[in-house]
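*Asks:* This is start.cif (mmCIF, C-alpha atoms).
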data_data
loop_
_atom_site.label_atom_id
_atom_site.label_comp_id
_atom_site.auth_asym_id
_atom_site.auth_seq_id
_atom_site.Cartn_x
_atom_site.Cartn_y
_atom_site.Cartn_z
CA MET B 1 28.40 45.66 -44.82
CA GLN B 2 26.74 45.22 -41.52
CA GLN B 3 25.07 41.90 -41.27
CA PRO B 4 21.45 42.02 -40.19
CA ILE B 5 20.98 40.97 -36.62
CA ALA B 6 19.11 37.73 -36.44
CA ARG B 7 15.97 38.22 -34.46
CA ARG B 8 15.65 35.74 -31.70
CA THR B 9 12.30 34.05 -31.66
CA GLU B 10 10.80 34.26 -28.21
CA GLN B 11 8.92 31.19 -27.10
CA PRO B 12 5.59 32.30 -25.70
CA PRO B 13 5.34 31.35 -22.07
CA HIS B 14 2.90 28.55 -21.36
CA PRO B 15 0.25 30.37 -19.33
CA VAL B 16 -1.13 27.36 -17.47
CA LYS B 17 0.19 23.86 -17.73
CA TYR B 18 -2.61 21.53 -18.82
CA HIS B 19 -5.11 24.38 -18.78
CA TYR B 20 -8.01 21.93 -19.17
CA ALA B 21 -7.52 20.83 -15.55
CA ASP B 22 -9.85 23.58 -14.32
CA THR B 23 -12.60 22.93 -16.83
CA PHE B 24 -16.02 21.64 -15.76
CA TRP B 25 -15.56 18.12 -17.08
CA CYS B 26 -12.02 17.67 -15.80
CA ILE B 27 -13.05 18.68 -12.28
CA TYR B 28 -16.09 16.40 -12.59
CA ILE B 29 -14.06 13.37 -13.70
CA THR B 30 -11.36 14.02 -11.09
CA SER B 31 -14.04 14.13 -8.39
CA VAL B 32 -15.61 10.85 -9.55
CA VAL B 33 -12.27 9.01 -9.72
CA SER B 34 -11.24 10.27 -6.26
CA ALA B 35 -14.62 9.31 -4.79
CA CYS B 36 -14.46 5.79 -6.26
CA ILE B 37 -11.00 5.28 -4.74
CA ALA B 38 -12.28 6.42 -1.34
CA GLU B 39 -15.46 4.32 -1.63
CA LEU B 40 -13.63 1.08 -2.41
CA ALA B 41 -11.20 1.64 0.46
CA THR B 42 -13.84 2.35 3.13
CA TYR B 43 -16.96 0.53 1.89
CA PRO B 44 -16.97 -2.25 4.58
CA LEU B 45 -17.53 0.44 7.21
CA ASP B 46 -20.51 1.77 5.25
CA LEU B 47 -22.07 -1.71 5.14
CA THR B 48 -21.46 -2.15 8.88
CA LYS B 49 -23.04 1.26 9.56
CA THR B 50 -26.13 0.36 7.51
CA ARG B 51 -26.60 -2.95 9.34
CA LEU B 52 -26.26 -1.19 12.71
CA GLN B 53 -28.88 1.40 11.78
CA ILE B 54 -31.46 -1.32 11.07
CA GLN B 55 -30.93 -2.99 14.47
CA GLY B 56 -33.99 -2.70 16.68
CA GLU B 57 -36.29 -2.09 13.74
CA ALA B 58 -38.02 -5.44 14.27
CA LEU B 59 -39.29 -4.09 17.59
CA THR B 60 -40.57 -0.94 15.90
CA ALA B 61 -42.49 -3.04 13.41
CA ASN B 62 -43.69 -5.55 16.08
CA LEU B 63 -42.33 -8.38 13.94
CA ASN B 64 -42.23 -10.87 16.80
CA ASN B 65 -42.36 -13.82 14.46
CA VAL B 66 -39.07 -12.88 12.82
CA LYS B 67 -36.03 -14.59 14.19
CA LYS B 68 -33.74 -12.02 15.73
CA LEU B 69 -30.25 -12.82 14.59
CA HIS B 70 -27.69 -11.12 16.82
CA ASN B 71 -29.89 -8.04 16.82
CA HIS B 72 -27.76 -5.94 19.19
CA ARG B 73 -24.17 -6.32 18.13
CA GLY B 74 -21.75 -3.43 18.17
CA MET B 75 -19.65 -2.17 15.30
CA LEU B 76 -16.87 -4.76 15.56
CA GLY B 77 -19.30 -7.59 16.29
CA THR B 78 -21.42 -6.67 13.29
CA ALA B 79 -18.41 -6.57 10.96
CA LEU B 80 -16.99 -9.86 12.26
CA GLY B 81 -20.45 -11.42 12.07
CA ILE B 82 -20.73 -10.50 8.39
CA VAL B 83 -17.37 -12.12 7.68
CA ARG B 84 -18.15 -15.25 9.71
CA GLU B 85 -21.74 -15.77 8.60
CA GLU B 86 -21.71 -14.45 5.05
CA GLY B 87 -18.07 -14.36 3.92
CA SER B 88 -15.46 -11.62 3.75
CA LEU B 89 -16.44 -10.57 0.23
CA LYS B 90 -19.90 -9.66 1.54
CA LEU B 91 -18.26 -6.65 3.19
CA TRP B 92 -18.38 -5.14 -0.30
CA GLN B 93 -21.99 -6.18 -1.00
CA GLY B 94 -23.72 -3.31 -2.78
CA VAL B 95 -20.50 -1.57 -3.82
CA THR B 96 -21.52 -1.49 -7.52
CA PRO B 97 -24.52 0.85 -7.05
CA ALA B 98 -22.39 2.81 -4.56
CA LEU B 99 -19.87 3.49 -7.33
CA TYR B 100 -22.69 4.35 -9.75
CA ARG B 101 -23.94 6.82 -7.16
CA HIS B 102 -20.61 8.60 -7.04
CA VAL B 103 -20.59 9.04 -10.81
CA VAL B 104 -23.52 11.41 -10.22
CA TYR B 105 -23.19 12.51 -6.60
CA SER B 106 -19.51 13.30 -6.15
CA GLY B 107 -19.09 14.85 -9.56
CA CYS B 108 -22.11 17.12 -9.09
CA ARG B 109 -21.38 18.19 -5.53
CA ILE B 110 -17.83 19.32 -6.30
CA VAL B 111 -18.56 21.19 -9.54
CA VAL B 112 -21.66 22.88 -8.06
CA TYR B 113 -19.74 23.90 -4.93
CA ASP B 114 -16.77 25.06 -7.00
CA ASN B 115 -18.93 27.18 -9.31
CA LEU B 116 -20.90 28.74 -6.46
CA ARG B 117 -17.69 29.47 -4.59
CA LYS B 118 -16.18 31.18 -7.64
CA LYS B 119 -19.30 33.28 -8.22
CA LEU B 120 -19.51 34.42 -4.61
CA GLY B 121 -15.79 35.10 -4.25
CA SER B 122 -14.26 38.39 -5.39
CA THR B 123 -11.07 38.83 -7.41
CA GLY B 124 -8.00 38.32 -5.29
CA GLN B 125 -10.04 37.05 -2.36
CA VAL B 126 -8.69 33.97 -0.59
CA GLY B 127 -11.72 31.83 0.06
CA ILE B 128 -15.19 33.08 0.95
CA PRO B 129 -16.84 33.85 4.31
CA LEU B 130 -17.99 30.87 6.36
CA TYR B 131 -21.72 31.57 5.95
CA GLN B 132 -21.34 31.73 2.16
CA SER B 133 -19.33 28.51 2.18
CA ALA B 134 -22.11 26.90 4.26
CA ILE B 135 -24.75 27.97 1.73
CA CYS B 136 -22.61 26.53 -1.09
CA GLY B 137 -22.12 23.24 0.77
CA ILE B 138 -25.81 22.78 1.58
CA THR B 139 -26.90 23.63 -1.98
CA ALA B 140 -24.29 21.43 -3.65
CA GLY B 141 -24.93 18.45 -1.36
CA GLY B 142 -28.72 18.61 -1.56
CA LEU B 143 -28.84 18.94 -5.35
CA ALA B 144 -26.24 16.22 -5.96
CA GLN B 145 -27.97 13.77 -3.62
CA TRP B 146 -31.40 14.32 -5.15
CA LEU B 147 -29.95 13.42 -8.55
CA ALA B 148 -28.14 10.37 -7.14
CA SER B 149 -30.95 9.15 -4.84
CA PRO B 150 -32.01 6.19 -7.06
CA ALA B 151 -28.51 4.67 -6.87
CA ASP B 152 -28.49 5.17 -3.09
CA LEU B 153 -31.85 3.39 -2.77
CA VAL B 154 -30.57 0.42 -4.77
CA LYS B 155 -27.38 0.31 -2.67
CA VAL B 156 -29.26 0.20 0.66
CA GLN B 157 -31.56 -2.61 -0.49
CA VAL B 158 -28.67 -4.71 -1.82
CA GLN B 159 -26.70 -4.16 1.41
CA MET B 160 -29.47 -5.67 3.54
CA GLU B 161 -30.01 -8.85 1.52
CA GLY B 162 -27.38 -10.88 3.33
CA LYS B 163 -28.98 -10.25 6.72
CA ARG B 164 -32.48 -10.95 5.37
CA ARG B 165 -31.40 -14.38 4.13
CA LEU B 166 -29.80 -15.24 7.47
CA MET B 167 -33.04 -14.26 9.22
CA GLY B 168 -34.95 -16.72 7.06
CA LEU B 169 -36.77 -14.04 5.04
CA GLU B 170 -37.43 -14.30 1.36
CA PRO B 171 -34.81 -12.43 -0.72
CA ARG B 172 -36.15 -9.24 -2.24
CA VAL B 173 -33.45 -8.70 -4.85
CA ASN B 174 -30.61 -10.70 -6.38
CA SER B 175 -28.46 -7.90 -7.83
CA ALA B 176 -28.31 -4.16 -8.31
CA ALA B 177 -30.04 -4.41 -11.70
CA HIS B 178 -32.77 -6.62 -10.22
CA ALA B 179 -33.27 -4.18 -7.34
CA PHE B 180 -33.62 -1.30 -9.79
CA MET B 181 -36.24 -3.15 -11.85
CA GLU B 182 -38.19 -4.25 -8.75
CA ILE B 183 -38.33 -0.69 -7.42
CA VAL B 184 -39.67 0.60 -10.75
CA ARG B 185 -42.12 -2.30 -11.02
CA ARG B 186 -43.57 -1.70 -7.57
CA GLY B 187 -43.56 2.07 -7.38
CA GLY B 188 -42.92 3.35 -10.90
CA VAL B 189 -40.16 5.77 -11.76
CA LYS B 190 -41.06 7.99 -8.79
CA GLY B 191 -40.39 4.98 -6.55
CA LEU B 192 -36.68 5.46 -7.29
CA TRP B 193 -36.85 8.57 -5.10
CA LYS B 194 -38.30 6.77 -2.05
CA GLY B 195 -36.57 8.22 0.98
CA SER B 196 -35.14 11.07 -1.07
CA ILE B 197 -36.27 13.77 1.40
CA PRO B 198 -34.21 12.50 4.38
CA ASN B 199 -31.52 11.57 1.89
CA VAL B 200 -31.30 15.13 0.57
CA GLN B 201 -31.44 16.50 4.12
CA ARG B 202 -28.62 14.21 5.15
CA ALA B 203 -26.50 15.11 2.13
CA ALA B 204 -27.03 18.82 2.73
CA LEU B 205 -25.86 18.43 6.34
CA VAL B 206 -22.98 16.10 5.42
CA ASN B 207 -21.69 18.47 2.77
CA LEU B 208 -22.11 21.40 5.12
CA GLY B 209 -19.77 19.40 7.35
CA ASP B 210 -17.47 18.04 4.65
CA LEU B 211 -17.09 20.63 1.88
CA THR B 212 -17.54 23.68 4.08
CA THR B 213 -15.37 22.39 6.93
CA TYR B 214 -12.59 21.17 4.65
CA ASP B 215 -12.52 24.42 2.70
CA HIS B 216 -12.70 26.66 5.76
CA ILE B 217 -10.31 24.69 8.00
CA LYS B 218 -7.74 24.31 5.23
CA ARG B 219 -7.69 28.03 4.45
CA THR B 220 -7.63 28.90 8.14
CA ILE B 221 -4.61 26.64 8.74
CA LEU B 222 -2.79 28.06 5.70
CA THR B 223 -3.55 31.64 6.74
CA LYS B 224 -2.98 31.43 10.50
CA THR B 225 -0.06 29.00 10.75
CA GLY B 226 1.97 29.73 7.65
CA LEU B 227 2.21 26.01 6.88
CA PRO B 228 2.67 25.13 3.21
CA ASP B 229 -0.17 23.50 1.29
CA SER B 230 0.93 19.97 2.07
CA HIS B 231 -0.29 16.52 3.08
CA THR B 232 -0.23 17.59 6.74
CA VAL B 233 -2.76 20.35 6.07
CA HIS B 234 -4.90 17.97 3.97
CA ILE B 235 -4.92 15.36 6.74
CA LEU B 236 -5.89 17.83 9.47
CA SER B 237 -8.63 19.37 7.32
CA SER B 238 -9.99 15.96 6.30
CA ILE B 239 -10.20 14.66 9.88
CA CYS B 240 -12.11 17.76 10.98
CA ALA B 241 -14.40 17.50 7.94
CA GLY B 242 -15.16 13.83 8.63
CA LEU B 243 -16.01 14.46 12.30
CA VAL B 244 -18.34 17.40 11.61
CA ALA B 245 -20.00 15.59 8.69
CA ALA B 246 -20.66 12.47 10.78
CA ALA B 247 -22.07 14.46 13.72
CA MET B 248 -24.42 16.47 11.51
CA GLY B 249 -25.46 13.73 9.10
CA THR B 250 -25.94 10.57 11.21
CA PRO B 251 -29.55 11.21 12.43
CA ALA B 252 -30.77 11.94 8.90
CA ASP B 253 -28.76 8.95 7.68
CA VAL B 254 -30.54 6.61 10.11
CA VAL B 255 -33.96 7.87 8.98
CA LYS B 256 -32.94 7.65 5.33
CA THR B 257 -31.69 4.07 5.70
CA ARG B 258 -34.85 2.88 7.47
CA VAL B 259 -37.23 4.55 5.02
CA MET B 260 -35.32 3.11 2.07
CA ASN B 261 -35.00 -0.37 3.54
CA GLN B 262 -38.64 -0.82 4.65
CA PRO B 263 -40.80 -3.33 2.76
CA THR B 264 -43.45 -1.95 0.42
CA ASP B 265 -46.85 -3.09 -0.80
CA ASN B 266 -47.75 -3.65 -4.44
CA SER B 267 -48.33 0.07 -4.87
CA GLY B 268 -44.87 0.96 -3.60
CA ARG B 269 -46.12 2.39 -0.27
CA GLY B 270 -44.02 1.70 2.80
CA LEU B 271 -45.38 -0.82 5.33
CA LEU B 272 -43.51 0.55 8.36
CA TYR B 273 -43.38 4.33 7.95
CA ARG B 274 -45.59 6.90 6.23
CA GLY B 275 -42.55 9.05 5.56
CA ALA B 276 -39.39 10.55 7.02
CA ILE B 277 -41.17 12.44 9.84
CA ASP B 278 -43.12 9.32 10.86
CA CYS B 279 -39.89 7.28 10.85
CA LEU B 280 -38.20 9.90 13.02
CA ARG B 281 -41.13 9.93 15.46
CA GLN B 282 -41.34 6.13 15.73
CA THR B 283 -37.60 5.70 16.14
CA VAL B 284 -37.32 8.24 18.96
CA SER B 285 -40.52 7.16 20.76
CA LYS B 286 -39.80 3.41 20.66
CA GLU B 287 -36.00 3.28 20.80
CA GLY B 288 -34.97 6.60 22.32
CA PHE B 289 -33.18 9.65 20.96
CA LEU B 290 -29.79 7.93 20.87
CA ALA B 291 -31.17 5.50 18.28
CA LEU B 292 -30.70 8.36 15.81
CA TYR B 293 -26.96 7.97 16.34
CA LYS B 294 -26.83 4.23 15.68
CA GLY B 295 -23.87 3.61 13.46
CA PHE B 296 -22.21 6.92 14.42
CA LEU B 297 -18.86 5.33 15.27
CA PRO B 298 -18.43 3.43 11.98
CA CYS B 299 -19.95 6.42 10.21
CA TRP B 300 -17.28 8.72 11.65
CA ILE B 301 -14.53 6.12 11.37
CA ARG B 302 -15.51 5.76 7.71
CA MET B 303 -15.99 9.45 6.98
CA ALA B 304 -12.59 10.43 8.33
CA PRO B 305 -10.57 8.04 6.08
CA TRP B 306 -13.09 8.52 3.24
CA SER B 307 -12.67 12.27 3.40
CA LEU B 308 -8.91 11.91 3.74
CA THR B 309 -8.64 9.48 0.82
CA PHE B 310 -10.96 11.57 -1.35
CA TRP B 311 -9.30 14.92 -0.75
CA MET B 312 -5.74 13.61 -1.01
CA SER B 313 -6.62 11.79 -4.24
CA PHE B 314 -8.42 14.87 -5.55
CA GLU B 315 -5.58 17.22 -4.66
CA GLY B 316 -2.98 14.75 -5.93
CA ILE B 317 -4.66 14.33 -9.31
CA ARG B 318 -5.00 18.12 -9.68
CA ARG B 319 -1.32 18.52 -8.88
CA MET B 320 -0.41 15.87 -11.48
CA LEU B 321 -2.46 17.81 -14.03
CA GLY B 322 -0.48 20.94 -13.22
CA THR B 323 -3.22 23.08 -11.72
CA ASN B 324 -3.52 24.82 -8.40
CA SER B 325 -4.55 23.18 -5.14
CA TYR B 326 -8.30 23.19 -4.52
#
Reformat the file's structure so that it appears as structure tokens.

*Replies:*
Amino acid sequence: MQQPIARRTEQPPHPVKYHYADTFWCIYITSVVSACIAELATYPLDLTKTRLQIQGEALTANLNNVKKLHNHRGMLGTALGIVREEGSLKLWQGVTPALYRHVVYSGCRIVVYDNLRKKLGSTGQVGIPLYQSAICGITAGGLAQWLASPADLVKVQVQMEGKRRLMGLEPRVNSAAHAFMEIVRRGGVKGLWKGSIPNVQRAALVNLGDLTTYDHIKRTILTKTGLPDSHTVHILSSICAGLVAAAMGTPADVVKTRVMNQPTDNSGRGLLYRGAIDCLRQTVSKEGFLALYKGFLPCWIRMAPWSLTFWMSFEGIRRMLGTNSY
């Protein structure tokens, strides 16, 4: 009698390894982790940039009675001065609210950009046109920064405390939590969004430079050169993204920093500027147009390694999870 042929059980192919890697929350968490790695690695340059952007502000405010402490140092002099006068650990002063900011900002900007890019792209299309990518970058950056603006405000105020103490001024805040409570006490909940307009403008421009440039340059290199999706492509794309982001975002960043750092009265109104436009006008009229690019060098020097560290971490984590490159 013929024996029945044993039917071989076929193992269903695994369609996508770790399929959750492309879900909303996984992309969000991956973005936050990558941003925190990049922030910790490059934060001293951000602090140096912020201090440089405030230089010359005493003249704008006519604060002649305030002792000017090395008010015109360059990037290296400012960084070395912080180490010498305040201690090396002060190079990371304000890093806690900066990390809090990225929990909101970096997670939101990537998932919003990713979703807009997927909706605008057609099936089988590699990437999207540059103008659509620009719209996605501006929208994602502006929305994410508006949500994260309170953490950015706290970060800027904490960053400036070391210099205020050296200038003999009374300390405004003692910690990130204290800064948060003081802002709310003086200006209410809406005070947490002081400087949010130039902040959102800056973020929109920065993400137009970062997200759009990285996405477009990477796909252009892969398409035109035939290079594999490798670290070399990521490095080239990140450097270009950092340069464009710094060039487009520095003027708005200077205005944002000054508006956020200015002292306020008991009602939460600024004592130096009526708003972002007034700050822009005063800065250009009293210090010249190039004052809008104070801190550009550390801003670019920071953005290039920040962008590189972020994108390589982001791409590396996605690869570990078994999903496609971004």

*Asks:* Near B:Ala151, within 8 Å and counting all atoms listed in the file, which residues show up once chain neighbours fewer than 5 positions away are dropped, as a PyMOL selection string?

*Replies:* chain B and resi 97-98+100-101

*Asks:* What does the structure give for the distance between atom CA of B:Pro171 and atom CA of B:Thr264, in Å to one decimal?

*Replies:*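 It comes out at 13.6 Å.
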
*Asks:* Just checking: using only C-alpha atoms, which residue out of B:Cys108, B:Leu280, B:Leu271, B:Met312 ends up closest to B:Val254?

*Replies:*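 Answer, going by the shortest atom-to-atom distance: B:Leu280.
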
*Asks:* Where does the PyMOL selection byres ((chain B and resi 150) around 12) land in this file, that is, which residues does it pick, as a PyMOL selection string?

*Replies:* chain B and resi 97-98+100-102+104-105+144-149+151-157+176-177+179-181+183-184+188-196+199-200+260

*Asks:* Using the selection just defined, write its residues with C-alpha atoms as a PDB file, in the frame of the given file.

*Replies:*
ATOM      1  CA  PRO B  97     -24.520   0.850  -7.050  1.00  0.00           C
ATOM      2  CA  ALA B  98     -22.390   2.810  -4.560  1.00  0.00           C
ATOM      3  CA  TYR B 100     -22.690   4.350  -9.750  1.00  0.00           C
ATOM      4  CA  ARG B 101     -23.940   6.820  -7.160  1.00  0.00           C
ATOM      5  CA  HIS B 102     -20.610   8.600  -7.040  1.00  0.00           C
ATOM      6  CA  VAL B 104     -23.520  11.410 -10.220  1.00  0.00           C
ATOM      7  CA  TYR B 105     -23.190  12.510  -6.600  1.00  0.00           C
ATOM      8  CA  ALA B 144     -26.240  16.220  -5.960  1.00  0.00           C
ATOM      9  CA  GLN B 145     -27.970  13.770  -3.620  1.00  0.00           C
ATOM     10  CA  TRP B 146     -31.400  14.320  -5.150  1.00  0.00           C
ATOM     11  CA  LEU B 147     -29.950  13.420  -8.550  1.00  0.00           C
ATOM     12  CA  ALA B 148     -28.140  10.370  -7.140  1.00  0.00           C
ATOM     13  CA  SER B 149     -30.950   9.150  -4.840  1.00  0.00           C
ATOM     14  CA  ALA B 151     -28.510   4.670  -6.870  1.00  0.00           C
ATOM     15  CA  ASP B 152     -28.490   5.170  -3.090  1.00  0.00           C
ATOM     16  CA  LEU B 153     -31.850   3.390  -2.770  1.00  0.00           C
ATOM     17  CA  VAL B 154     -30.570   0.420  -4.770  1.00  0.00           C
ATOM     18  CA  LYS B 155     -27.380   0.310  -2.670  1.00  0.00           C
ATOM     19  CA  VAL B 156     -29.260   0.200   0.660  1.00  0.00           C
ATOM     20  CA  GLN B 157     -31.560  -2.610  -0.490  1.00  0.00           C
ATOM     21  CA  ALA B 176     -28.310  -4.160  -8.310  1.00  0.00           C
ATOM     22  CA  ALA B 177     -30.040  -4.410 -11.700  1.00  0.00           C
ATOM     23  CA  ALA B 179     -33.270  -4.180  -7.340  1.00  0.00           C
ATOM     24  CA  PHE B 180     -33.620  -1.300  -9.790  1.00  0.00           C
ATOM     25  CA  MET B 181     -36.240  -3.150 -11.850  1.00  0.00           C
ATOM     26  CA  ILE B 183     -38.330  -0.690  -7.420  1.00  0.00           C
ATOM     27  CA  VAL B 184     -39.670   0.600 -10.750  1.00  0.00           C
ATOM     28  CA  GLY B 188     -42.920   3.350 -10.900  1.00  0.00           C
ATOM     29  CA  VAL B 189     -40.160   5.770 -11.760  1.00  0.00           C
ATOM     30  CA  LYS B 190     -41.060   7.990  -8.790  1.00  0.00           C
ATOM     31  CA  GLY B 191     -40.390   4.980  -6.550  1.00  0.00           C
ATOM     32  CA  LEU B 192     -36.680   5.460  -7.290  1.00  0.00           C
ATOM     33  CA  TRP B 193     -36.850   8.570  -5.100  1.00  0.00           C
ATOM     34  CA  LYS B 194     -38.300   6.770  -2.050  1.00  0.00           C
ATOM     35  CA  GLY B 195     -36.570   8.220   0.980  1.00  0.00           C
ATOM     36  CA  SER B 196     -35.140  11.070  -1.070  1.00  0.00           C
ATOM     37  CA  ASN B 199     -31.520  11.570   1.890  1.00  0.00           C
ATOM     38  CA  VAL B 200     -31.300  15.130   0.570  1.00  0.00           C
ATOM     39  CA  MET B 260     -35.320   3.110   2.070  1.00  0.00           C
TER      40      MET B 260
END

*Asks:* Could you pull the residues within 8 Å of B:Ile135, counting all atoms listed in the file, minus those fewer than 4 positions along the same chain, as a list in words?

*Replies:*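 What passes the distance filter is Tyr131, Thr139 and Leu208 of chain B.
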
*Asks:* Applied to this file, what does the PyMOL selection byres ((chain B and resi 109) around 8) return in terms of residues, put as a ChimeraX atom specification?

*Replies:* /B:105-108,110-113,140-141,143-144

*Asks:* Would you save the residues from that selection as a tab-separated table (two decimals), in the coordinates of the input, using C-alpha atoms?

*Replies:*
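What follows is the written file again_8.tsv:
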chain	number	residue	atom	x	y	z
B	105	TYR	CA	-23.19	12.51	-6.60
B	106	SER	CA	-19.51	13.30	-6.15
B	107	GLY	CA	-19.09	14.85	-9.56
B	108	CYS	CA	-22.11	17.12	-9.09
B	110	ILE	CA	-17.83	19.32	-6.30
B	111	VAL	CA	-18.56	21.19	-9.54
B	112	VAL	CA	-21.66	22.88	-8.06
B	113	TYR	CA	-19.74	23.90	-4.93
B	140	ALA	CA	-24.29	21.43	-3.65
B	141	GLY	CA	-24.93	18.45	-1.36
B	143	LEU	CA	-28.84	18.94	-5.35
B	144	ALA	CA	-26.24	16.22	-5.96

*Asks:* Got a sec to resolve the PyMOL selection byres ((chain B and resi 305) around 10) on this structure and send the residues as a ChimeraX atom specification?

*Replies:* /B:38-39,41-42,235,238-239,242,300-304,306-311

*Asks:* Identify which of the residues B:Gln282, B:Leu47, B:Thr96, B:Ser175 lies closest to B:Val83, counting only C-alpha atoms when measuring atom-to-atom distances.

*Replies:* B:Leu47

*Asks:* Tell me, as an MDAnalysis selection string, which residues lie within 10 Å of B:Ser325, counting all atoms listed in the file; anything in the same chain fewer than 2 positions away does not count.

*Replies:* chainID B and resid 229:230 314:319 322:323

*Asks:* At what distance in Å, to one decimal, does atom CA of B:Arg219 lie from atom CA of B:Cys240?

*Replies:*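 Computing it gives 12.9 Å between the two atoms.
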
*Asks:* Taking into account only C-alpha atoms, which residue in the set B:Pro263, B:Pro228, B:Pro198, B:Gly77 is nearest to B:Cys279?

*Replies:*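 The closest residue to B:Cys279 is B:Pro198.
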
*Asks:* From the options B:Leu130, B:Ile29, B:Gln201, B:Tyr214, which residue's atoms come nearest to B:Asp253, counting all atoms listed in the file?

*Replies:* B:Gln201

*Asks:* Let me have the centre and edge lengths of the axis-aligned box enclosing all listed atoms of stretch 219-226 of chain B with 3 Å padding on every side, in Å to one decimal, as lines of an AutoDock Vina configuration file.

*Replies:*
center_x = -2.9
center_y = 29.1
center_z = 7.6
size_x = 15.7
size_y = 11.0
size_z = 12.3

*Asks:* Which one of B:Leu99, B:Ala35, B:Ala134, B:Leu52 sits closest to B:Tyr293 if you count only C-alpha atoms?

*Replies:* B:Leu52

*Asks:* Nearest residue to B:Thr213 out of B:Arg84, B:Lys49, B:Lys90, B:His234, using all atoms listed in the file?

*Replies:*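 For B:Thr213, the nearest of the given residues is B:His234.
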
*Asks:* What is the atom CA of B:Ala204 to atom CA of B:Phe296 distance in Å?

*Replies:*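 Those two atoms sit 17.4 Å apart.
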
*Asks:* Please check which residues have atoms at most 6 Å from (-31.4, -4.5, 7.8) in the file's coordinates, counting all atoms listed in the file, and write them as a list of chain:residue names.

*Replies:* B:Arg51, B:Ile54, B:Met160
